[in-house]
Amino acid sequence: MPNSEIEIVPPADGRGETRNFLLVCAGVIATALILLSLIHKTSANALPELPASLINAATQISNAVEEIAMLEEAGLITAPYQLDELPLPTIKGQAFTQQEDDCFSLLTGDFQFIVERHEDAWDAHWTQTEQAVDCHAAITWHTLNQ
């Protein structure tokens, strides 16, 4: 072949590419860790959780709220509500007490549960307290997951 030069290309060993690839991967992981550490802060507004010993009680109360709503819908209970008409559970030997016509409470240990009727529905809430408080006390009430 006239005027042709043959260029010999040495085979690539891949060492440079491997090193660059690993450096890029390490940089991405380091950046991700830094960003996650910046955004992951324990929120001061995080909802507290009930202790494991009261999870069953919370479930029973949630179920009772649903049963009460069904009884009311069927016309089997009407206002004014009486404690003995409602299927509220007894927890650890403690029974609900009636505070108002539409508010019932249970203090067990350091936790108080309330079941109350609002304009359109029954709700259940809990709070951590050492002594019984009114259903409408100015403290933080947490809704039971229903």
# chains A, B, ... in the order shown; residues from 1 in each chain; ligands from 1
>>> residues_around(residues="Asp123 in chain A", least_positions_apart="4", cutoff="8 Å", atoms="only C-alpha atoms", output="ChimeraX atom specification")
/A:65,115-118,143
>>> closest_atom_pairs(of="range 1-67 of chain A", to="range 82-89 of chain A", cutoff="7 Å", atoms="only C-alpha atoms", output="JSON lines")
{"residue": "A:Gln60", "atom": "CA", "partner": "A:Pro89", "partner_atom": "CA", "distance": 6.6}
{"residue": "A:Ile61", "atom": "CA", "partner": "A:Pro89", "partner_atom": "CA", "distance": 6.6}
{"residue": "A:Ala64", "atom": "CA", "partner": "A:Leu88", "partner_atom": "CA", "distance": 5.7}
>>> write_last_selection(atoms="C-alpha atoms", output="compact mmCIF listing (two decimals), in the first residue's frame")
# COMPACT_ATOMS: atom_id res chain seq x y z
CA GLN A 60 -59.10 -3.02 71.42
CA ILE A 61 -60.07 0.63 71.83
CA ALA A 64 -64.53 -0.53 70.10
>>> select_by_dssp(residues="range 3-141 of chain A", states="alpha helix (DSSP H)", output="PyMOL selection string")
chain A and resi 15-39+55-73
>>> write_last_selection(atoms="C-alpha atoms", output="CSV table (one decimal), in the first residue's frame")
chain,number,residue,atom,x,y,z
A,15,ARG,CA,-5.8,-0.2,35.1
A,16,GLY,CA,-6.4,3.5,34.6
A,17,GLU,CA,-10.1,3.0,33.8
A,18,THR,CA,-10.6,0.8,36.8
A,19,ARG,CA,-9.0,3.3,39.1
A,20,ASN,CA,-11.0,6.2,37.7
A,21,PHE,CA,-14.3,4.2,37.9
A,22,LEU,CA,-13.6,3.3,41.6
A,23,LEU,CA,-12.8,6.9,42.4
A,24,VAL,CA,-16.0,8.1,40.9
A,25,CYS,CA,-18.0,5.4,42.8
A,26,ALA,CA,-16.3,6.4,46.1
A,27,GLY,CA,-17.1,10.1,45.4
A,28,VAL,CA,-20.8,9.3,44.7
A,29,ILE,CA,-21.1,7.3,47.9
A,30,ALA,CA,-19.3,9.9,50.0
A,31,THR,CA,-21.5,12.7,48.6
A,32,ALA,CA,-24.6,10.6,49.3
A,33,LEU,CA,-23.5,9.9,52.9
A,34,ILE,CA,-22.8,13.6,53.5
A,35,LEU,CA,-26.2,14.6,52.1
A,36,LEU,CA,-28.1,12.0,54.0
A,37,SER,CA,-26.3,13.0,57.3
A,38,LEU,CA,-27.3,16.6,56.6
A,39,ILE,CA,-31.0,15.9,56.0
A,55,ILE,CA,-50.5,-1.8,71.7
A,56,ASN,CA,-53.1,-4.5,72.3
A,57,ALA,CA,-55.1,-2.1,74.4
A,58,ALA,CA,-55.0,0.5,71.6
A,59,THR,CA,-56.2,-2.1,69.2
A,60,GLN,CA,-59.1,-3.0,71.4
A,61,ILE,CA,-60.1,0.6,71.8
A,62,SER,CA,-59.9,1.3,68.1
A,63,ASN,CA,-62.1,-1.8,67.5
A,64,ALA,CA,-64.5,-0.5,70.1
A,65,VAL,CA,-64.7,2.9,68.4
A,66,GLU,CA,-65.7,1.1,65.1
A,67,GLU,CA,-68.3,-1.0,66.9
A,68,ILE,CA,-69.8,2.0,68.6
A,69,ALA,CA,-70.1,3.8,65.2
A,70,MET,CA,-71.8,0.7,63.8
A,71,LEU,CA,-74.2,0.5,66.7
A,72,GLU,CA,-75.0,4.2,66.3
A,73,GLU,CA,-75.5,3.8,62.6
>>> atom_distance(atom1="CA of Glu100 in chain A", atom2="CA of Cys135 in chain A")
8.5 Å
>>> select_by_dssp(residues="range 39-109 of chain A", states="strand (DSSP E)", output="VMD selection string")
chain A and resid 97 to 100 103 to 108
>>> atom_distance(atom1="CA of Thr97 in chain A", atom2="CA of Leu76 in chain A")
20.7 Å
